[in-house]
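This is data-v4.txt (compact mmCIF, C-alpha atoms and all ligand atoms).
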```txt
# COMPACT_ATOMS: atom_id res chain seq x y z
CA MET A 1 -15.81 -16.21 7.47
CA ASN A 2 -12.78 -16.97 5.32
CA GLU A 3 -9.23 -16.74 6.58
CA PRO A 4 -8.51 -13.00 6.44
CA ILE A 5 -5.90 -11.86 3.92
CA LEU A 6 -4.51 -9.54 6.60
CA ARG A 7 -4.65 -10.29 10.29
CA VAL A 8 -3.16 -7.81 12.76
CA ARG A 9 -2.92 -8.76 16.42
CA ASP A 10 -1.90 -6.56 19.35
CA LEU A 11 0.52 -4.64 17.19
CA SER A 12 2.62 -2.12 19.09
CA LYS A 13 5.52 0.07 18.11
CA THR A 14 7.43 2.23 20.52
CA TYR A 15 10.07 4.62 19.23
CA MET A 16 12.60 6.28 21.47
CA GLN A 17 12.89 10.01 20.95
CA GLY A 18 16.03 10.56 22.98
CA LYS A 19 15.10 9.06 26.34
CA ILE A 20 11.36 9.47 25.85
CA PRO A 21 9.34 6.51 24.55
CA VAL A 22 6.76 7.39 21.91
CA HIS A 23 3.97 4.85 21.56
CA ALA A 24 3.33 5.19 17.84
CA LEU A 25 1.08 2.08 17.84
CA SER A 26 -0.59 0.55 20.90
CA ASP A 27 -2.16 -2.90 20.68
CA VAL A 28 -3.79 -2.53 17.29
CA SER A 29 -5.87 -5.53 16.14
CA PHE A 30 -8.11 -6.02 13.13
CA ASP A 31 -8.76 -8.25 10.12
CA VAL A 32 -9.09 -7.49 6.43
CA GLN A 33 -10.82 -9.89 4.05
CA LYS A 34 -9.75 -10.50 0.47
CA GLY A 35 -11.07 -7.86 -1.91
CA GLU A 36 -11.72 -5.23 0.74
CA PHE A 37 -11.08 -1.61 -0.20
CA LEU A 38 -10.39 0.24 3.01
CA SER A 39 -8.90 3.49 4.16
CA ILE A 40 -6.96 4.47 7.23
CA VAL A 41 -7.46 8.05 8.31
CA GLY A 42 -6.45 10.09 11.33
CA PRO A 43 -4.55 13.20 12.31
CA SER A 44 -0.85 13.64 11.64
CA GLY A 45 1.17 11.65 14.18
CA SER A 46 -1.62 9.15 14.87
CA GLY A 47 0.50 6.21 13.67
CA LYS A 48 -0.68 5.64 10.10
CA SER A 49 2.74 5.51 8.43
CA THR A 50 4.16 3.43 11.26
CA PHE A 51 1.35 0.99 10.75
CA LEU A 52 1.96 0.75 6.98
CA SER A 53 5.66 0.13 7.50
CA MET A 54 4.86 -2.76 9.87
CA ILE A 55 2.48 -4.48 7.46
CA GLY A 56 4.75 -3.65 4.52
CA LEU A 57 7.70 -5.34 6.28
CA LEU A 58 9.71 -2.15 6.15
CA ASP A 59 10.16 -2.09 9.92
CA LYS A 60 9.55 -4.42 12.84
CA PRO A 61 7.01 -3.96 15.60
CA THR A 62 7.96 -3.81 19.27
CA SER A 63 5.38 -6.54 19.89
CA GLY A 64 2.40 -8.18 18.26
CA SER A 65 1.96 -9.94 14.95
CA VAL A 66 0.90 -9.47 11.35
CA PHE A 67 -0.30 -12.37 9.20
CA ILE A 68 -0.55 -11.93 5.44
CA ASP A 69 -2.29 -14.71 3.56
CA GLY A 70 -1.95 -16.92 6.65
CA VAL A 71 1.81 -16.36 7.02
CA GLU A 72 3.12 -14.63 10.12
CA VAL A 73 5.31 -12.05 8.39
CA THR A 74 6.43 -10.48 11.65
CA LYS A 75 8.48 -13.65 12.20
CA ALA A 76 10.41 -13.18 8.93
CA THR A 77 14.16 -12.83 9.24
CA ASP A 78 16.00 -9.89 7.69
CA SER A 79 16.79 -11.99 4.63
CA GLU A 80 13.23 -13.37 4.26
CA ALA A 81 11.45 -10.02 4.62
CA PRO A 82 12.35 -8.55 1.19
CA VAL A 83 11.31 -11.76 -0.55
CA ILE A 84 7.91 -11.77 1.18
CA ARG A 85 7.53 -8.06 0.50
CA ARG A 86 8.14 -8.48 -3.25
CA LYS A 87 5.73 -11.37 -3.59
CA LYS A 88 2.92 -10.36 -1.27
CA ILE A 89 2.81 -6.58 -1.18
CA GLY A 90 2.32 -3.89 -3.78
CA PHE A 91 3.24 -0.37 -2.76
CA VAL A 92 1.82 2.86 -4.15
CA PHE A 93 3.42 6.05 -2.86
CA GLN A 94 2.49 9.70 -2.83
CA HIS A 95 5.50 10.62 -4.98
CA PHE A 96 4.99 7.72 -7.44
CA ASN A 97 8.62 6.53 -6.95
CA LEU A 98 9.11 5.33 -10.52
CA ILE A 99 12.62 4.82 -11.86
CA PRO A 100 13.19 7.96 -13.99
CA THR A 101 15.51 6.36 -16.54
CA LEU A 102 13.08 3.53 -17.38
CA SER A 103 9.97 3.60 -19.54
CA ALA A 104 6.53 2.82 -18.09
CA LEU A 105 6.82 -0.70 -19.48
CA GLU A 106 10.28 -1.21 -17.97
CA ASN A 107 9.13 0.13 -14.60
CA VAL A 108 6.46 -2.56 -14.44
CA ASP A 109 8.78 -5.20 -15.86
CA ILE A 110 11.50 -4.62 -13.29
CA ALA A 111 9.15 -5.38 -10.38
CA MET A 112 8.60 -8.82 -11.88
CA ARG A 113 12.28 -9.26 -12.65
CA PHE A 114 13.08 -8.75 -8.96
CA ALA A 115 10.51 -11.44 -8.21
CA ARG A 116 12.26 -13.73 -10.74
CA VAL A 117 9.35 -14.00 -13.16
CA PRO A 118 10.64 -15.37 -16.50
CA LYS A 119 11.16 -12.77 -19.21
CA SER A 120 8.67 -14.35 -21.59
CA ARG A 121 5.82 -13.83 -19.11
CA ARG A 122 6.86 -10.37 -17.89
CA ARG A 123 6.34 -8.43 -21.07
CA GLU A 124 2.87 -9.77 -21.73
CA ARG A 125 1.76 -9.07 -18.16
CA ALA A 126 3.25 -5.56 -18.13
CA ILE A 127 1.45 -4.68 -21.37
CA ASP A 128 -1.79 -6.15 -20.05
CA LEU A 129 -1.61 -4.21 -16.78
CA LEU A 130 -0.71 -0.92 -18.45
CA THR A 131 -3.55 -1.43 -20.89
CA GLN A 132 -5.94 -1.96 -17.98
CA MET A 133 -4.68 1.33 -16.58
CA GLY A 134 -5.49 3.07 -19.87
CA LEU A 135 -1.81 3.52 -20.78
CA ARG A 136 -1.57 1.36 -23.90
CA ASP A 137 -0.26 4.32 -25.91
CA ARG A 138 2.06 5.66 -23.21
CA MET A 139 4.00 2.49 -22.39
CA ASN A 140 7.27 3.56 -23.95
CA HIS A 141 7.36 6.95 -22.26
CA LYS A 142 9.60 7.76 -19.34
CA PRO A 143 8.08 9.16 -16.11
CA SER A 144 9.17 12.73 -16.97
CA GLU A 145 7.10 12.48 -20.16
CA LEU A 146 3.97 11.46 -18.26
CA SER A 147 1.48 13.48 -16.22
CA GLY A 148 1.16 12.90 -12.47
CA GLY A 149 -1.98 10.86 -13.00
CA GLU A 150 -0.29 8.73 -15.65
CA GLN A 151 2.72 8.17 -13.43
CA GLN A 152 0.49 7.04 -10.60
CA ARG A 153 -1.30 4.63 -12.93
CA VAL A 154 2.09 3.17 -13.93
CA ALA A 155 2.83 2.81 -10.21
CA ILE A 156 -0.48 0.99 -9.69
CA ALA A 157 0.34 -1.35 -12.60
CA ARG A 158 3.72 -1.98 -11.01
CA ALA A 159 2.10 -2.64 -7.62
CA MET A 160 -0.20 -5.23 -9.27
CA ALA A 161 2.60 -6.93 -11.22
CA ASN A 162 3.30 -9.81 -8.85
CA ASN A 163 -0.33 -10.47 -7.91
CA PRO A 164 0.15 -9.16 -4.38
CA ALA A 165 -2.03 -10.27 -1.49
CA ILE A 166 -2.50 -6.61 -0.63
CA ILE A 167 -1.78 -3.20 -2.10
CA LEU A 168 -0.67 -0.57 0.41
CA ALA A 169 -1.08 2.99 -0.77
CA ASP A 170 0.25 5.90 1.30
CA GLU A 171 -1.48 9.14 0.25
CA PRO A 172 -1.70 7.96 -3.39
CA THR A 173 -3.58 11.08 -4.47
CA GLY A 174 -1.56 13.58 -2.46
CA GLU A 175 0.15 15.03 -5.53
CA VAL A 176 -2.58 15.11 -8.16
CA ASP A 177 -5.51 17.38 -9.02
CA THR A 178 -9.02 16.48 -7.94
CA LYS A 179 -10.10 15.10 -11.31
CA THR A 180 -7.07 12.80 -11.44
CA ARG A 181 -7.64 11.89 -7.80
CA ASP A 182 -11.15 10.72 -8.58
CA MET A 183 -9.91 8.69 -11.53
CA ILE A 184 -7.22 6.98 -9.43
CA VAL A 185 -9.70 6.15 -6.68
CA GLU A 186 -12.07 4.70 -9.28
CA LEU A 187 -9.27 2.56 -10.71
CA LEU A 188 -8.38 1.25 -7.24
CA ARG A 189 -12.02 0.58 -6.52
CA GLY A 190 -12.35 -1.33 -9.80
CA LEU A 191 -9.36 -3.50 -8.88
CA SER A 192 -10.88 -4.26 -5.47
CA GLU A 193 -14.12 -5.28 -7.17
CA LYS A 194 -12.07 -7.86 -9.10
CA GLY A 195 -10.72 -9.23 -5.80
CA GLN A 196 -7.60 -7.15 -5.16
CA THR A 197 -7.29 -6.15 -1.50
CA ILE A 198 -6.37 -2.47 -1.16
CA LEU A 199 -5.53 -0.42 1.90
CA VAL A 200 -5.18 3.34 1.43
CA VAL A 201 -3.82 5.82 3.95
CA THR A 202 -5.25 9.24 3.20
CA HIS A 203 -5.96 12.67 4.62
CA ASP A 204 -8.55 13.30 1.95
CA ILE A 205 -12.17 12.71 2.94
CA ALA A 206 -13.13 12.59 -0.75
CA VAL A 207 -10.87 9.53 -1.03
CA SER A 208 -11.85 7.69 2.17
CA ALA A 209 -15.53 8.27 1.41
CA LYS A 210 -15.13 6.19 -1.78
CA THR A 211 -13.66 3.21 0.06
CA ARG A 212 -15.84 0.54 1.65
CA ARG A 213 -14.46 0.72 5.17
CA ILE A 214 -12.83 3.50 7.14
CA ILE A 215 -10.50 2.90 10.08
CA THR A 216 -9.81 6.04 12.08
CA MET A 217 -6.62 6.14 14.12
CA ARG A 218 -5.81 8.38 17.03
CA ASP A 219 -2.78 8.29 19.33
CA GLY A 220 -1.64 4.93 17.95
CA MET A 221 -4.99 3.26 18.49
CA ILE A 222 -8.06 2.49 16.41
CA GLU A 223 -10.68 5.04 17.33
CA SER A 224 -13.34 3.73 14.98
CA ASP A 225 -13.75 1.08 12.31
CA ARG A 226 -16.83 1.32 10.16
CA MET A 227 -18.19 -0.13 6.96
CA ILE A 228 -19.67 2.22 4.40
CA SER A 229 -22.81 1.10 2.65
N1 LIG B 1 11.49 6.76 13.24
C1 LIG B 1 10.86 7.37 14.26
N2 LIG B 1 11.53 7.69 15.39
C2 LIG B 1 10.91 8.28 16.41
N3 LIG B 1 9.60 8.59 16.44
C3 LIG B 1 8.88 8.30 15.36
C4 LIG B 1 9.46 7.69 14.20
N4 LIG B 1 8.48 7.52 13.26
C5 LIG B 1 7.35 8.01 13.79
N5 LIG B 1 7.58 8.48 15.06
C6 LIG B 1 6.56 9.04 15.94
O1 LIG B 1 5.49 8.12 16.03
C7 LIG B 1 4.24 8.78 16.01
C8 LIG B 1 3.41 8.29 14.84
O2 LIG B 1 4.01 8.75 13.63
P1 LIG B 1 3.49 8.34 12.17
O3 LIG B 1 3.29 6.87 12.13
O4 LIG B 1 4.42 8.93 11.19
O5 LIG B 1 2.07 9.06 12.12
P2 LIG B 1 1.18 9.52 10.85
O6 LIG B 1 1.65 8.78 9.64
O7 LIG B 1 -0.22 9.17 11.25
O8 LIG B 1 1.36 10.99 10.71
C9 LIG B 1 4.55 10.27 15.99
O9 LIG B 1 4.53 10.74 17.32
C10 LIG B 1 5.94 10.32 15.41
O10 LIG B 1 6.63 11.47 15.88
MG MG B 2 2.29 9.53 7.79
```

Written form, structure tokens:
Amino acid sequence: MNEPILRVRDLSKTYMQGKIPVHALSDVSFDVQKGEFLSIVGPSGSGKSTFLSMIGLLDKPTSGSVFIDGVEVTKATDSEAPVIRRKKIGFVFQHFNLIPTLSALENVDIAMRFARVPKSRRRERAIDLLTQMGLRDRMNHKPSELSGGEQQRVAIARAMANNPAIILADEPTGEVDTKTRDMIVELLRGLSEKGQTILVVTHDIAVSAKTRRIITMRDGMIESDRMIS
């Protein structure tokens, strides 16, 4: 087996709610190989968002470790974390989170600018990614001039911009109709078939059923982890 692109070991997160400790994650361990397309499902409060914020370097675990591409990101200092996040992780959110004043092209471009990619290379890559997302003719539109599905495709292009080790998507189809949902899932699946690792948190069985592996969480633990044929 190759070195996993994501390695999670004994990951725990305890929040204090007043004086009461809440074990949002308890000793979670698993590996993800490059190019996997997997979903994390489970009831509300089971720890899914907590888990994403640990692997996305948005928050620190109470104990345990996360390795991305062989690097122990849980050891990153506060100043290193944003740099690792920009280079290694692509985020896709439920609410798209595009910058409203920028065009689709500029939204993708700015992700690369933050990662200090030279200007000459940014434009070409942004156009290429948006074209792959079927947005060749919509590139100069602002988010408010795009449908929900188009906005999410811009967000996926942005997430891909810096060739991330992994894309983390939190309820990426939570705001779109079922036809658009199916198109977005197909796009993500196509990217995974080209080698992009993608982890999706979803409530929607129609989404998880299209991934290749489903991890079910309950009470901060992995209840089941199964491959789909
Ligand atoms: N910042 C926080 N402070 C205190 N408790 C939290 C915080 N974030 C999440 N929790 C608690 O941790 C548990 C897991 O939450 P979460 O990861 O958001 O679950 P999910 O995304 O599966 O709905 C819940 O009991 C929630 O109330
Ligand atoms: Mg959540």

If you measure from CA of Arg153 (chain A) to CA of Val41 (chain A), what distance in Å do you get, rounded to one decimal? 22.4 Å

Please, which residues have at least one atom within 8 Å of an atom of ligand MG 2 (chain B), using only C-alpha atoms and all ligand atoms, listed as a PyMOL selection string? chain A and resi 44-45+47-50+170

Any idea what the distance is between CA of Arg181 (chain A) and CA of Val108 (chain A)?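 Distance reported for this atom pair: 21.3 Å.
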
Could you check how far atom O2 of ligand LIG 1 (chain B) sits from CA of Pro43 (chain A), in Å to one decimal?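 A separation of 9.7 Å between them.
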
May I have the residues within 9 Å of ligand LIG 1 (chain B), computed using all atoms listed in the file, as a ChimeraX atom specification? /A:13-18,21-25,41-53,170,201,217-220

Quick one: residues within 12 Å of Asn163 (chain A), only C-alpha atoms counted, chain neighbours fewer than 3 positions away excluded, as a list of chain:residue names?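 Contacts, with the query itself left out: A:Arg85, A:Arg86, A:Lys87, A:Lys88, A:Ile89, A:Gly90, A:Phe91, A:Ala111, A:Met112, A:Ala115, A:Val117, A:Arg125, A:Ala126, A:Leu129, A:Ile156, A:Ala157, A:Arg158, A:Ala159, A:Met160, A:Ile166, A:Ile167, A:Leu191, A:Gly195, A:Gln196, A:Thr197.
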
Cut-off 9 Å: closest region 117-181 of chain A/region 202-207 of chain A atom pairs per residue, using all atoms listed in the file, as a Markdown table:
```
| residue | atom | partner | partner_atom | distance |
| --- | --- | --- | --- | --- |
| A:Ala169 | CA | A:Thr202 | CA | 8.5 |
| A:Asp170 | CA | A:Thr202 | CA | 6.7 |
| A:Glu171 | CA | A:Thr202 | CA | 4.8 |
| A:Pro172 | CA | A:Thr202 | CA | 7.6 |
| A:Thr173 | CA | A:Thr202 | CA | 8.1 |
| A:Gly174 | CA | A:Thr202 | CA | 8.0 |
| A:Arg181 | CA | A:Val207 | CA | 7.9 |
```

Could you take the residues named above and write them with C-alpha atoms, as an mmCIF file, in the frame of the given file?
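This went into out34.cif:
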```
data_model
loop_
_atom_site.group_PDB
_atom_site.id
_atom_site.type_symbol
_atom_site.label_atom_id
_atom_site.label_comp_id
_atom_site.auth_asym_id
_atom_site.auth_seq_id
_atom_site.Cartn_x
_atom_site.Cartn_y
_atom_site.Cartn_z
ATOM 1 C CA ALA A 169 -1.080 2.990 -0.770
ATOM 2 C CA ASP A 170 0.250 5.900 1.300
ATOM 3 C CA GLU A 171 -1.480 9.140 0.250
ATOM 4 C CA PRO A 172 -1.700 7.960 -3.390
ATOM 5 C CA THR A 173 -3.580 11.080 -4.470
ATOM 6 C CA GLY A 174 -1.560 13.580 -2.460
ATOM 7 C CA ARG A 181 -7.640 11.890 -7.800
#
```

For His95 (chain A), which residue out of A:Ile222, A:Ala155, A:Leu135, A:Ile214 is the nearest one, using only C-alpha atoms?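 Of A:Ile222, A:Ala155, A:Leu135, A:Ile214, the one nearest His95 (chain A) is A:Ala155, counting only C-alpha atoms.
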
Neighbour list for Asp31 (chain A) as a ChimeraX atom specification, cut-off 10 Å, all atoms listed in the file, skip fewer than 3 positions in-chain: /A:3-9,34,66-67

Next, write the just-selected residues to a file, as an mmCIF file, keeping the file's coordinate frame, keeping C-alpha atoms as the atom set.
```cif
data_model
loop_
_atom_site.group_PDB
_atom_site.id
_atom_site.type_symbol
_atom_site.label_atom_id
_atom_site.label_comp_id
_atom_site.auth_asym_id
_atom_site.auth_seq_id
_atom_site.Cartn_x
_atom_site.Cartn_y
_atom_site.Cartn_z
ATOM 1 C CA GLU A 3 -9.230 -16.740 6.580
ATOM 2 C CA PRO A 4 -8.510 -13.000 6.440
ATOM 3 C CA ILE A 5 -5.900 -11.860 3.920
ATOM 4 C CA LEU A 6 -4.510 -9.540 6.600
ATOM 5 C CA ARG A 7 -4.650 -10.290 10.290
ATOM 6 C CA VAL A 8 -3.160 -7.810 12.760
ATOM 7 C CA ARG A 9 -2.920 -8.760 16.420
ATOM 8 C CA LYS A 34 -9.750 -10.500 0.470
ATOM 9 C CA VAL A 66 0.900 -9.470 11.350
ATOM 10 C CA PHE A 67 -0.300 -12.370 9.200
#
```
